[in-house]
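Just model.cif here, mmCIF, C-alpha atoms and all ligand atoms:
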data_query
loop_
_atom_site.label_atom_id
_atom_site.label_comp_id
_atom_site.auth_asym_id
_atom_site.auth_seq_id
_atom_site.Cartn_x
_atom_site.Cartn_y
_atom_site.Cartn_z
CA MET A 1 -12.55 -33.61 -11.91
CA ASN A 2 -11.18 -37.09 -12.29
CA ASP A 3 -10.71 -40.08 -10.02
CA HIS A 4 -9.34 -37.96 -7.20
CA ASP A 5 -10.35 -34.82 -5.35
CA GLY A 6 -7.99 -32.42 -7.04
CA VAL A 7 -6.78 -31.14 -10.37
CA ASN A 8 -4.70 -33.64 -12.34
CA LEU A 9 -2.06 -31.37 -13.82
CA ALA A 10 0.69 -31.78 -16.41
CA VAL A 11 3.56 -29.30 -16.39
CA VAL A 12 5.05 -28.99 -19.88
CA GLY A 13 8.42 -27.27 -20.28
CA LEU A 14 10.83 -27.72 -17.37
CA GLY A 15 13.55 -25.29 -18.50
CA ASN A 16 14.87 -22.21 -16.71
CA TRP A 17 11.50 -20.96 -15.55
CA GLY A 18 9.48 -24.18 -15.87
CA LYS A 19 11.43 -25.91 -13.12
CA ASN A 20 10.25 -23.21 -10.69
CA VAL A 21 6.69 -23.41 -11.95
CA ALA A 22 6.66 -27.22 -11.60
CA ARG A 23 8.00 -27.03 -8.05
CA SER A 24 5.39 -24.45 -7.12
CA PHE A 25 2.46 -26.36 -8.67
CA ALA A 26 3.60 -29.57 -6.99
CA ALA A 27 3.24 -27.84 -3.61
CA CYS A 28 -0.27 -26.46 -4.27
CA ARG A 29 -3.35 -27.59 -2.41
CA GLY A 30 -5.83 -29.54 -4.51
CA VAL A 31 -3.41 -30.67 -7.19
CA ARG A 32 -1.99 -33.97 -8.35
CA LEU A 33 1.01 -33.66 -10.62
CA GLY A 34 0.16 -36.32 -13.20
CA TYR A 35 2.88 -35.56 -15.75
CA VAL A 36 6.11 -33.67 -16.13
CA CYS A 37 6.91 -33.21 -19.80
CA ASP A 38 9.86 -31.79 -21.73
CA GLU A 39 11.03 -32.57 -25.22
CA SER A 40 14.67 -32.21 -24.15
CA PRO A 41 15.99 -35.54 -22.81
CA GLY A 42 18.61 -33.75 -20.70
CA VAL A 43 16.11 -31.42 -19.04
CA LEU A 44 13.68 -34.28 -18.41
CA ALA A 45 16.42 -36.45 -16.92
CA ARG A 46 17.33 -33.67 -14.47
CA GLN A 47 13.79 -32.75 -13.43
CA ALA A 48 11.82 -36.02 -13.50
CA PRO A 49 13.47 -37.55 -10.37
CA LEU A 50 12.13 -34.61 -8.34
CA TYR A 51 8.57 -35.78 -9.06
CA PRO A 52 8.62 -39.55 -8.54
CA THR A 53 4.82 -39.94 -8.59
CA ALA A 54 4.41 -38.06 -11.89
CA THR A 55 4.81 -39.72 -15.28
CA ALA A 56 7.80 -38.28 -17.12
CA THR A 57 7.45 -37.93 -20.87
CA ASP A 58 8.76 -36.02 -23.86
CA ASP A 59 5.46 -36.49 -25.73
CA TYR A 60 3.05 -33.56 -25.36
CA GLU A 61 0.46 -35.22 -27.58
CA ALA A 62 0.36 -38.24 -25.26
CA VAL A 63 -0.33 -35.90 -22.32
CA LEU A 64 -3.24 -34.36 -24.21
CA ARG A 65 -4.64 -37.77 -25.14
CA ASP A 66 -4.80 -38.87 -21.50
CA PRO A 67 -8.40 -38.26 -20.33
CA ARG A 68 -7.26 -38.22 -16.68
CA VAL A 69 -5.40 -34.95 -17.24
CA ASP A 70 -7.61 -31.97 -16.30
CA ALA A 71 -5.17 -29.14 -16.93
CA VAL A 72 -1.80 -28.32 -18.46
CA ALA A 73 0.73 -25.68 -17.44
CA LEU A 74 2.77 -24.61 -20.47
CA VAL A 75 6.17 -23.12 -19.69
CA THR A 76 7.56 -23.37 -23.20
CA PRO A 77 9.06 -20.63 -25.40
CA ALA A 78 6.61 -17.95 -26.51
CA PRO A 79 6.56 -18.87 -30.24
CA ALA A 80 5.14 -22.28 -29.28
CA HIS A 81 2.34 -20.93 -27.08
CA TYR A 82 -0.37 -20.44 -29.69
CA GLU A 83 -0.36 -23.97 -31.12
CA MET A 84 0.20 -25.68 -27.78
CA VAL A 85 -2.61 -23.77 -26.02
CA ARG A 86 -4.92 -24.36 -28.97
CA GLU A 87 -4.28 -28.10 -28.95
CA ALA A 88 -4.80 -28.30 -25.20
CA LEU A 89 -8.11 -26.43 -25.31
CA LEU A 90 -9.30 -28.61 -28.21
CA ALA A 91 -8.38 -31.65 -26.10
CA GLY A 92 -10.63 -30.30 -23.33
CA LYS A 93 -7.89 -29.25 -20.90
CA HIS A 94 -7.78 -26.15 -18.73
CA VAL A 95 -4.64 -24.16 -19.54
CA PHE A 96 -2.09 -22.13 -17.64
CA VAL A 97 0.42 -20.62 -20.08
CA GLU A 98 3.40 -18.44 -19.43
CA LYS A 99 3.52 -14.88 -20.69
CA PRO A 100 3.17 -13.67 -23.35
CA LEU A 101 -0.02 -15.51 -24.29
CA THR A 102 0.90 -15.38 -27.99
CA LEU A 103 3.04 -13.29 -30.32
CA LEU A 104 0.06 -11.91 -32.23
CA ALA A 105 -3.16 -10.34 -30.96
CA ARG A 106 -5.17 -12.20 -33.58
CA GLU A 107 -3.91 -15.51 -32.22
CA ALA A 108 -4.70 -14.45 -28.65
CA GLU A 109 -8.25 -13.56 -29.71
CA ASN A 110 -8.68 -17.03 -31.19
CA LEU A 111 -7.56 -18.63 -27.95
CA VAL A 112 -9.86 -16.46 -25.84
CA ASP A 113 -12.81 -17.44 -28.07
CA LEU A 114 -11.83 -21.09 -28.00
CA ALA A 115 -11.52 -21.18 -24.20
CA LYS A 116 -14.94 -19.53 -23.94
CA SER A 117 -16.65 -21.90 -26.37
CA ARG A 118 -15.06 -24.97 -24.73
CA GLU A 119 -15.80 -23.62 -21.23
CA ARG A 120 -12.18 -24.13 -20.16
CA LYS A 121 -10.05 -21.89 -17.94
CA LEU A 122 -7.29 -20.01 -19.71
CA MET A 123 -4.81 -18.22 -17.46
CA VAL A 124 -1.64 -16.37 -18.43
CA GLY A 125 1.41 -16.27 -16.14
CA HIS A 126 1.45 -12.54 -15.53
CA LEU A 127 3.37 -13.21 -12.35
CA LEU A 128 3.52 -9.69 -10.97
CA GLU A 129 -0.26 -9.34 -10.89
CA TYR A 130 0.05 -11.79 -7.98
CA HIS A 131 2.83 -9.89 -6.20
CA PRO A 132 1.60 -8.77 -2.75
CA ALA A 133 3.02 -5.29 -3.53
CA VAL A 134 0.90 -5.01 -6.68
CA THR A 135 -2.17 -6.26 -4.79
CA LEU A 136 -1.59 -3.49 -2.27
CA MET A 137 -1.07 -0.90 -5.04
CA LYS A 138 -4.35 -1.96 -6.63
CA GLN A 139 -6.19 -1.69 -3.29
CA GLN A 140 -4.73 1.77 -2.61
CA ILE A 141 -5.58 3.04 -6.07
CA ASP A 142 -9.11 1.61 -6.11
CA ALA A 143 -9.81 2.95 -2.61
CA GLY A 144 -8.73 6.44 -3.74
CA ALA A 145 -5.91 6.57 -1.16
CA LEU A 146 -3.60 8.23 -3.69
CA GLY A 147 -6.33 10.58 -4.94
CA GLN A 148 -6.83 10.86 -8.65
CA ILE A 149 -4.08 8.97 -10.51
CA HIS A 150 -2.16 11.26 -12.83
CA TYR A 151 0.52 8.99 -14.24
CA MET A 152 2.94 6.16 -13.58
CA TYR A 153 6.27 5.02 -14.92
CA CYS A 154 8.22 1.76 -14.79
CA GLN A 155 11.91 0.99 -15.10
CA ARG A 156 13.14 -2.54 -15.71
CA LEU A 157 16.87 -2.19 -16.29
CA ASN A 158 19.98 -4.31 -16.00
CA LEU A 159 23.29 -5.11 -17.68
CA GLY A 160 22.26 -8.32 -19.52
CA VAL A 161 20.81 -10.89 -20.08
CA VAL A 162 21.23 -9.94 -23.77
CA ARG A 163 18.84 -12.13 -25.76
CA GLN A 164 19.20 -12.96 -29.42
CA CYS A 165 15.70 -13.85 -30.53
CA GLU A 166 13.67 -11.17 -28.78
CA ASN A 167 14.29 -7.53 -28.02
CA ALA A 168 14.42 -5.96 -24.56
CA PHE A 169 10.74 -4.99 -24.78
CA TRP A 170 9.41 -8.50 -25.44
CA SER A 171 11.80 -9.86 -22.84
CA LEU A 172 11.13 -7.43 -20.02
CA ALA A 173 8.01 -5.33 -20.62
CA PRO A 174 5.14 -7.88 -20.50
CA HIS A 175 5.27 -7.63 -16.70
CA ASP A 176 5.08 -3.83 -16.73
CA ILE A 177 2.26 -3.79 -19.26
CA SER A 178 0.23 -6.32 -17.32
CA ILE A 179 0.66 -4.35 -14.08
CA ILE A 180 -0.23 -1.02 -15.70
CA LEU A 181 -3.38 -2.42 -17.34
CA TYR A 182 -4.33 -4.18 -14.11
CA LEU A 183 -3.85 -1.06 -11.98
CA PHE A 184 -5.53 1.32 -14.42
CA GLY A 185 -8.31 -1.13 -15.32
CA SER A 186 -8.38 0.04 -18.90
CA GLU A 187 -6.57 -0.18 -22.24
CA PRO A 188 -4.49 2.67 -23.70
CA GLU A 189 -5.94 4.57 -26.62
CA GLU A 190 -2.51 5.68 -27.76
CA VAL A 191 0.76 3.74 -27.76
CA THR A 192 4.03 5.26 -28.94
CA ALA A 193 7.50 3.78 -28.61
CA THR A 194 11.06 4.32 -29.57
CA GLY A 195 14.02 2.02 -29.20
CA THR A 196 17.56 1.54 -30.41
CA CYS A 197 19.71 -1.44 -31.37
CA PHE A 198 23.27 -0.96 -30.12
CA LEU A 199 24.51 -4.54 -29.82
CA GLN A 200 22.63 -6.54 -32.45
CA LYS A 201 21.09 -5.45 -35.70
CA GLY A 202 17.29 -5.36 -35.53
CA ILE A 203 17.06 -6.22 -31.81
CA GLU A 204 16.43 -3.26 -29.51
CA ASP A 205 18.52 -3.14 -26.35
CA VAL A 206 16.66 -0.16 -24.94
CA VAL A 207 13.02 0.83 -25.46
CA PHE A 208 10.86 3.65 -24.14
CA ALA A 209 7.12 3.14 -24.58
CA HIS A 210 4.44 5.65 -23.79
CA LEU A 211 0.81 4.70 -23.11
CA ARG A 212 -1.99 7.25 -22.97
CA PHE A 213 -5.36 6.22 -21.56
CA PRO A 214 -8.80 7.57 -22.55
CA ASP A 215 -9.20 9.52 -19.29
CA GLY A 216 -5.84 11.29 -19.73
CA ARG A 217 -3.76 9.10 -17.41
CA MET A 218 -0.43 8.11 -18.88
CA ALA A 219 2.23 5.48 -18.29
CA GLN A 220 5.83 5.26 -19.40
CA ILE A 221 7.83 2.02 -19.67
CA HIS A 222 11.64 2.07 -19.87
CA VAL A 223 13.32 -1.29 -20.44
CA SER A 224 16.97 -1.96 -21.13
CA TRP A 225 19.57 -4.69 -20.80
CA LEU A 226 22.33 -2.13 -21.38
CA ASP A 227 22.24 -0.12 -18.19
CA PRO A 228 24.55 0.25 -15.18
CA HIS A 229 21.66 -0.07 -12.71
CA LYS A 230 19.65 -3.10 -11.80
CA GLU A 231 16.20 -1.58 -11.40
CA ARG A 232 12.71 -2.99 -11.12
CA LYS A 233 10.78 0.01 -10.05
CA MET A 234 7.34 1.56 -10.55
CA THR A 235 6.25 5.01 -9.47
CA VAL A 236 2.60 6.04 -9.31
CA VAL A 237 1.76 9.72 -8.95
CA GLY A 238 -1.66 10.62 -7.62
CA SER A 239 -3.24 13.95 -6.73
CA GLU A 240 -3.00 13.18 -2.98
CA LYS A 241 -0.09 10.78 -2.58
CA MET A 242 2.69 9.11 -4.52
CA LEU A 243 3.71 5.46 -4.33
CA VAL A 244 6.92 3.67 -5.27
CA PHE A 245 7.20 -0.10 -5.72
CA ASP A 246 10.89 -1.05 -5.66
CA ASP A 247 11.12 -4.78 -6.24
CA MET A 248 14.91 -4.73 -5.69
CA HIS A 249 14.55 -3.44 -2.15
CA PRO A 250 14.91 -6.31 0.32
CA SER A 251 12.40 -5.06 2.90
CA GLU A 252 10.77 -1.76 1.90
CA LYS A 253 9.26 -2.74 -1.42
CA ILE A 254 6.44 -0.21 -1.16
CA ARG A 255 6.78 3.34 0.03
CA VAL A 256 3.85 5.72 0.07
CA PHE A 257 4.83 9.39 0.04
CA ASP A 258 2.39 11.92 1.46
CA LYS A 259 3.50 14.42 -1.15
CA GLY A 260 1.51 16.45 -3.60
CA ALA A 261 0.66 19.82 -5.01
CA THR A 262 -2.34 21.95 -4.09
CA ILE A 263 -3.90 24.00 -6.84
CA PRO A 264 -5.79 27.15 -5.73
CA THR A 265 -9.50 27.06 -6.58
CA GLU A 266 -12.21 29.65 -7.09
CA ALA A 267 -13.43 28.81 -3.58
CA THR A 268 -10.04 29.58 -2.06
CA SER A 269 -7.79 32.12 -3.71
CA PRO A 270 -7.46 31.51 -7.47
CA LEU A 271 -4.46 33.79 -7.82
CA ALA A 272 -2.45 32.17 -5.03
CA PRO A 273 0.58 30.11 -6.15
CA ILE A 274 0.45 26.34 -6.39
CA THR A 275 1.85 24.94 -3.16
CA VAL A 276 3.61 21.62 -2.69
CA ARG A 277 3.33 19.35 0.31
CA HIS A 278 6.10 17.15 1.78
CA GLY A 279 4.59 14.81 4.35
CA ASP A 280 5.43 11.45 5.92
CA ILE A 281 6.62 8.33 4.16
CA HIS A 282 4.69 5.18 4.99
CA VAL A 283 6.14 1.69 4.51
CA PRO A 284 3.26 -0.80 4.61
CA HIS A 285 3.75 -4.40 5.70
CA LEU A 286 3.58 -6.92 2.86
CA SER A 287 3.05 -10.66 2.85
CA SER A 288 6.30 -12.51 2.12
CA GLN A 289 4.52 -15.27 0.18
CA PRO A 290 6.25 -15.70 -3.19
CA PRO A 291 4.13 -14.38 -6.09
CA LEU A 292 4.67 -17.64 -7.99
CA ASP A 293 3.05 -19.67 -5.20
CA ILE A 294 0.10 -17.27 -5.09
CA GLU A 295 -0.23 -17.47 -8.88
CA THR A 296 -0.11 -21.28 -9.14
CA GLN A 297 -2.57 -21.76 -6.27
CA HIS A 298 -4.88 -19.22 -7.92
CA PHE A 299 -4.96 -21.29 -11.13
CA ILE A 300 -5.72 -24.51 -9.24
CA ASP A 301 -8.48 -22.77 -7.23
CA CYS A 302 -10.00 -21.30 -10.40
CA VAL A 303 -10.24 -24.80 -11.92
CA LEU A 304 -11.50 -26.41 -8.72
CA PHE A 305 -14.07 -23.77 -7.83
CA ASP A 306 -14.99 -22.57 -11.34
CA ARG A 307 -13.64 -19.03 -10.91
CA THR A 308 -12.33 -16.60 -13.51
CA PRO A 309 -8.55 -16.15 -13.23
CA ARG A 310 -7.31 -12.64 -12.49
CA SER A 311 -4.91 -12.90 -15.44
CA ASP A 312 -7.32 -14.69 -17.75
CA GLY A 313 -7.12 -14.95 -21.53
CA GLU A 314 -8.70 -11.51 -21.98
CA ASP A 315 -5.97 -10.04 -19.80
CA GLY A 316 -3.33 -11.89 -21.82
CA LEU A 317 -4.89 -10.56 -25.03
CA ARG A 318 -4.81 -6.95 -23.79
CA VAL A 319 -1.09 -7.31 -23.00
CA VAL A 320 -0.34 -8.81 -26.42
CA ARG A 321 -2.26 -5.94 -28.07
CA VAL A 322 0.10 -3.44 -26.43
CA LEU A 323 3.16 -5.52 -27.31
CA GLU A 324 1.99 -5.66 -30.90
CA ARG A 325 1.36 -1.91 -31.04
CA VAL A 326 4.85 -1.24 -29.71
CA GLU A 327 6.23 -3.70 -32.24
CA ARG A 328 4.54 -1.77 -35.05
CA GLN A 329 6.13 1.43 -33.81
CA LEU A 330 9.59 -0.11 -33.65
CA HIS A 331 9.30 -2.07 -36.90
CA PRO A 332 6.68 -0.28 -39.03
CA ALA A 333 7.47 -2.36 -42.11
CA HIS A 334 6.23 -5.56 -40.51
CA VAL A 335 2.73 -6.79 -41.07
CA PHE A 336 1.55 -9.32 -38.54
CA ALA A 337 0.04 -11.82 -40.91
CA GLY A 338 1.90 -14.95 -40.00
CA VAL A 339 1.65 -17.52 -37.28
CA SER A 340 4.12 -18.13 -34.51
CA GLU A 341 5.75 -21.21 -35.95
CA GLY A 342 8.50 -21.70 -38.44
CA PHE A 343 10.58 -18.69 -37.60
CA ALA A 344 13.69 -18.37 -39.71
CA PRO A 345 15.54 -15.12 -39.09
CA GLU A 346 16.29 -13.05 -42.13
CA ASP A 347 19.51 -11.13 -41.96
CA GLY A 348 18.85 -7.74 -40.49
CA VAL A 349 15.10 -7.80 -40.73
CA SER A 350 14.13 -9.37 -37.46
CA ALA A 351 11.12 -7.96 -35.73
CA GLY A 352 11.47 -7.04 -32.07
CA PHE A 353 10.52 -10.54 -31.08
CA SER A 354 12.25 -12.23 -33.94
CA PRO A 355 9.69 -15.01 -34.23
CA SER A 356 7.24 -12.43 -35.46
CA ALA A 357 9.46 -12.22 -38.52
CA THR A 358 7.30 -15.07 -39.74
CA ALA A 359 4.92 -12.23 -40.46
CA GLU A 360 4.78 -11.12 -44.02
CA ARG A 361 6.56 -7.92 -44.88
CA LEU A 362 5.07 -5.23 -47.00
CA ALA A 363 6.91 -4.30 -50.14
N1 LIG A 401 6.66 -15.22 -15.38
C1 LIG A 401 7.96 -15.01 -15.35
O1 LIG A 401 8.48 -14.27 -14.52
C2 LIG A 401 8.82 -15.68 -16.38
C3 LIG A 401 10.21 -15.74 -16.21
C4 LIG A 401 10.96 -16.38 -17.18
C5 LIG A 401 10.36 -16.95 -18.28
N2 LIG A 401 8.99 -16.86 -18.42
C6 LIG A 401 8.34 -17.47 -19.59
O2 LIG A 401 8.40 -18.89 -19.48
C7 LIG A 401 8.47 -19.45 -20.79
C8 LIG A 401 9.68 -20.38 -20.86
O3 LIG A 401 10.84 -19.64 -20.63
P1 LIG A 401 12.20 -20.36 -20.16
O4 LIG A 401 13.15 -19.26 -19.90
O5 LIG A 401 11.91 -21.35 -19.08
O6 LIG A 401 12.61 -21.14 -21.49
P2 LIG A 401 13.59 -22.39 -21.61
O7 LIG A 401 14.00 -22.42 -23.03
O8 LIG A 401 14.61 -22.37 -20.54
O9 LIG A 401 12.64 -23.65 -21.34
C9 LIG A 401 11.63 -24.06 -22.22
C10 LIG A 401 11.52 -25.57 -22.12
O10 LIG A 401 10.40 -25.96 -22.91
C11 LIG A 401 10.74 -27.19 -23.54
N3 LIG A 401 9.84 -27.38 -24.68
C12 LIG A 401 9.73 -26.59 -25.77
N4 LIG A 401 8.77 -27.07 -26.61
C13 LIG A 401 8.28 -28.19 -26.01
C14 LIG A 401 7.26 -29.12 -26.38
N5 LIG A 401 6.57 -29.01 -27.51
N6 LIG A 401 7.02 -30.15 -25.54
C15 LIG A 401 7.70 -30.29 -24.39
N7 LIG A 401 8.67 -29.42 -24.00
C16 LIG A 401 8.95 -28.39 -24.80
C17 LIG A 401 12.20 -27.03 -23.90
O11 LIG A 401 12.84 -28.29 -24.12
C18 LIG A 401 12.75 -26.29 -22.70
O12 LIG A 401 13.28 -27.17 -21.72
C19 LIG A 401 8.50 -18.29 -21.77
O13 LIG A 401 7.20 -18.05 -22.24
C20 LIG A 401 8.97 -17.12 -20.92
O14 LIG A 401 8.50 -15.87 -21.39
C21 LIG A 401 8.25 -16.27 -17.48
#
How does the structure come out when it is put into structure tokens?
Amino acid sequence: MNDHDGVNLAVVGLGNWGKNVARSFAACRGVRLGYVCDESPGVLARQAPLYPTATATDDYEAVLRDPRVDAVALVTPAPAHYEMVREALLAGKHVFVEKPLTLLAREAENLVDLAKSRERKLMVGHLLEYHPAVTLMKQQIDAGALGQIHYMYCQRLNLGVVRQCENAFWSLAPHDISIILYLFGSEPEEVTATGTCFLQKGIEDVVFAHLRFPDGRMAQIHVSWLDPHKERKMTVVGSEKMLVFDDMHPSEKIRVFDKGATIPTEATSPLAPITVRHGDIHVPHLSSQPPLDIETQHFIDCVLFDRTPRSDGEDGLRVVRVLERVERQLHPAHVFAGVSEGFAPEDGVSAGFSPSATAERLA
């Protein structure tokens, strides 16, 4: 650490989400907000007065050149992540970067290797991995409270926000993917997806993705910004119990259903019918601490106490791998050979996350 007893942090990108991230980091224990940085003069003018002890700048390179800065938090658009993370790691900074880590798995691999070789922390803002409800789900699953996990499915639906440079999957699904991989503790061996563009050519409004894991478990993701319901829901079905995480519910975010089916065995009566069980519904108490505050404090603690972040670079890479596999299903003609910069949309040939249209296309 530097000339103080905490992490000297620069928050870069103070836009829609970055202003929340900056506020949360500023309130962490063990942190000194050294810089707030945004290349937009208007954004900087609005946010800088909130952090009078931090230096306000539009110059990211100057932040990286300052040896007093231990770590940067990048809350910039996804196409910029690869280069900005790379530069920060090369400058010797620990990095928190918003999801998705990169647009291409190959780029994410490079960053994971770089962070390892430079012995720097790399953490991705997979916010929901820090949600108290997801922590509880993980504990229940790992403790076997639901029995053997058969499958889970996620719905992230709304009417809008309709984005123009990324499809509904890139916009909404990174959270679902990160939760599924975190809960299952493994990567899918098979990824299939289908989606349709109703509003804009080449940009899917609704996507269904199907993940099959080596042990037979499966997960389904349904995302849409063209839906009458506002849903953020996950359902996990185990052999003993079933669990629903409804993030839209104000108080009962988790409900555990003592429901299941009993299959007759040789030891009992193999010819008896399968019976189903309808038991009690349990609503566990959850901490009301905002996931963002848990996430930002976790990053600071990982830097201070030399711990591996829960959503480290490897985790970010696994999520990007799934995103990329879905992208290949939706846009099979694309080859991911490009880098994230310099995106110029071609009429009607945008990839799901249009910046990946920098990728070369096969003839
Ligand atoms: N974890 C979550 O729940 C969550 C929610 C929303 C957004 N995000 C992620 O946060 C990131 C930012 O999203 P947003 O909605 O805040 O975008 P935004 O466009 O509102 O803000 C991005 C800001 O970054 C600034 N910026 C871009 N390049 C810069 C550079 N080189 N130097 C300094 N500033 C630069 C822009 O001026 C802008 O103010 C994205 O990766 C997005 O996926 C995460």
>> Could you list, as a ChimeraX atom specification, every residue within 7 Å of range 315-326 of chain A, counting only C-alpha atoms and ignoring same-chain residues fewer than 5 positions away?
In response: /A:100-105,108-109,124,174,177-178,191-193
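Each of A:Phe213, A:Trp225, A:Phe245, A:Tyr151 was compared to Glu166 in chain A using only C-alpha atoms, and A:Trp225 turns out to be the nearest.
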Residue neighbourhood Ala22 in chain A, 12 Å, all atoms listed in the file, exclusion window fewer than 6 positions, as a PDB file with C-alpha atoms, in the coordinates of the input:
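Saved the output as selection33.pdb:
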ATOM      1  CA  LEU A   9      -2.060 -31.370 -13.820  1.00  0.00           C
ATOM      2  CA  ALA A  10       0.690 -31.780 -16.410  1.00  0.00           C
ATOM      3  CA  VAL A  11       3.560 -29.300 -16.390  1.00  0.00           C
ATOM      4  CA  VAL A  12       5.050 -28.990 -19.880  1.00  0.00           C
ATOM      5  CA  GLY A  13       8.420 -27.270 -20.280  1.00  0.00           C
ATOM      6  CA  LEU A  14      10.830 -27.720 -17.370  1.00  0.00           C
ATOM      7  CA  GLY A  15      13.550 -25.290 -18.500  1.00  0.00           C
ATOM      8  CA  ASN A  16      14.870 -22.210 -16.710  1.00  0.00           C
ATOM      9  CA  CYS A  28      -0.270 -26.460  -4.270  1.00  0.00           C
ATOM     10  CA  VAL A  31      -3.410 -30.670  -7.190  1.00  0.00           C
ATOM     11  CA  ARG A  32      -1.990 -33.970  -8.350  1.00  0.00           C
ATOM     12  CA  LEU A  33       1.010 -33.660 -10.620  1.00  0.00           C
ATOM     13  CA  GLY A  34       0.160 -36.320 -13.200  1.00  0.00           C
ATOM     14  CA  TYR A  35       2.880 -35.560 -15.750  1.00  0.00           C
ATOM     15  CA  VAL A  36       6.110 -33.670 -16.130  1.00  0.00           C
ATOM     16  CA  CYS A  37       6.910 -33.210 -19.800  1.00  0.00           C
ATOM     17  CA  ASP A  38       9.860 -31.790 -21.730  1.00  0.00           C
ATOM     18  CA  GLN A  47      13.790 -32.750 -13.430  1.00  0.00           C
ATOM     19  CA  ALA A  48      11.820 -36.020 -13.500  1.00  0.00           C
ATOM     20  CA  LEU A  50      12.130 -34.610  -8.340  1.00  0.00           C
ATOM     21  CA  TYR A  51       8.570 -35.780  -9.060  1.00  0.00           C
ATOM     22  CA  ALA A  54       4.410 -38.060 -11.890  1.00  0.00           C
ATOM     23  CA  VAL A  72      -1.800 -28.320 -18.460  1.00  0.00           C
ATOM     24  CA  ALA A  73       0.730 -25.680 -17.440  1.00  0.00           C
ATOM     25  CA  LEU A  74       2.770 -24.610 -20.470  1.00  0.00           C
ATOM     26  CA  VAL A  75       6.170 -23.120 -19.690  1.00  0.00           C
ATOM     27  CA  PHE A  96      -2.090 -22.130 -17.640  1.00  0.00           C
ATOM     28  CA  LEU A 292       4.670 -17.640  -7.990  1.00  0.00           C
ATOM     29  CA  ASP A 293       3.050 -19.670  -5.200  1.00  0.00           C
ATOM     30  CA  THR A 296      -0.110 -21.280  -9.140  1.00  0.00           C
ATOM     31  CA  GLN A 297      -2.570 -21.760  -6.270  1.00  0.00           C
TER      32      GLN A 297
END
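Distance check against Leu64 in chain A using only C-alpha atoms: of A:Gly147, A:Pro132, A:Gly92, A:Gly313, the minimum falls on A:Gly92.
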Centre and size of axis-aligned box enclosing range 24-30 of chain A plus 4 Å each side, as AutoDock Vina command-line options:
--center_x -0.2 --center_y -27.0 --center_z -5.5 --size_x 19.2 --size_y 13.1 --size_z 14.3
>> as a list of chain:residue names, please: the residues near Leu172 in chain A (cut-off 7 Å, only C-alpha atoms, same-chain neighbours under 4 positions excluded).
In response: A:Arg156, A:Ala168, A:Val223
> CA of His175 in chain A and CA of Leu44 in chain A, how far apart in Å?
Replying inline: 28.0 Å
> When you draw a straight line from CA of Val69 in chain A to CA of Asp312 in chain A, how long is it in Å?
Replying inline: 20.4 Å
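Coordinates place CA of Ala26 in chain A at a distance of 19.5 Å from atom O11 of ligand LIG 401 (chain A).
Minimum atom-to-atom distances from A:Pro49, A:Gly260, A:Gly30, A:Gly42 to ligand LIG 401 (chain A) were compared using only C-alpha atoms and all ligand atoms, and the lowest value belongs to A:Gly42.
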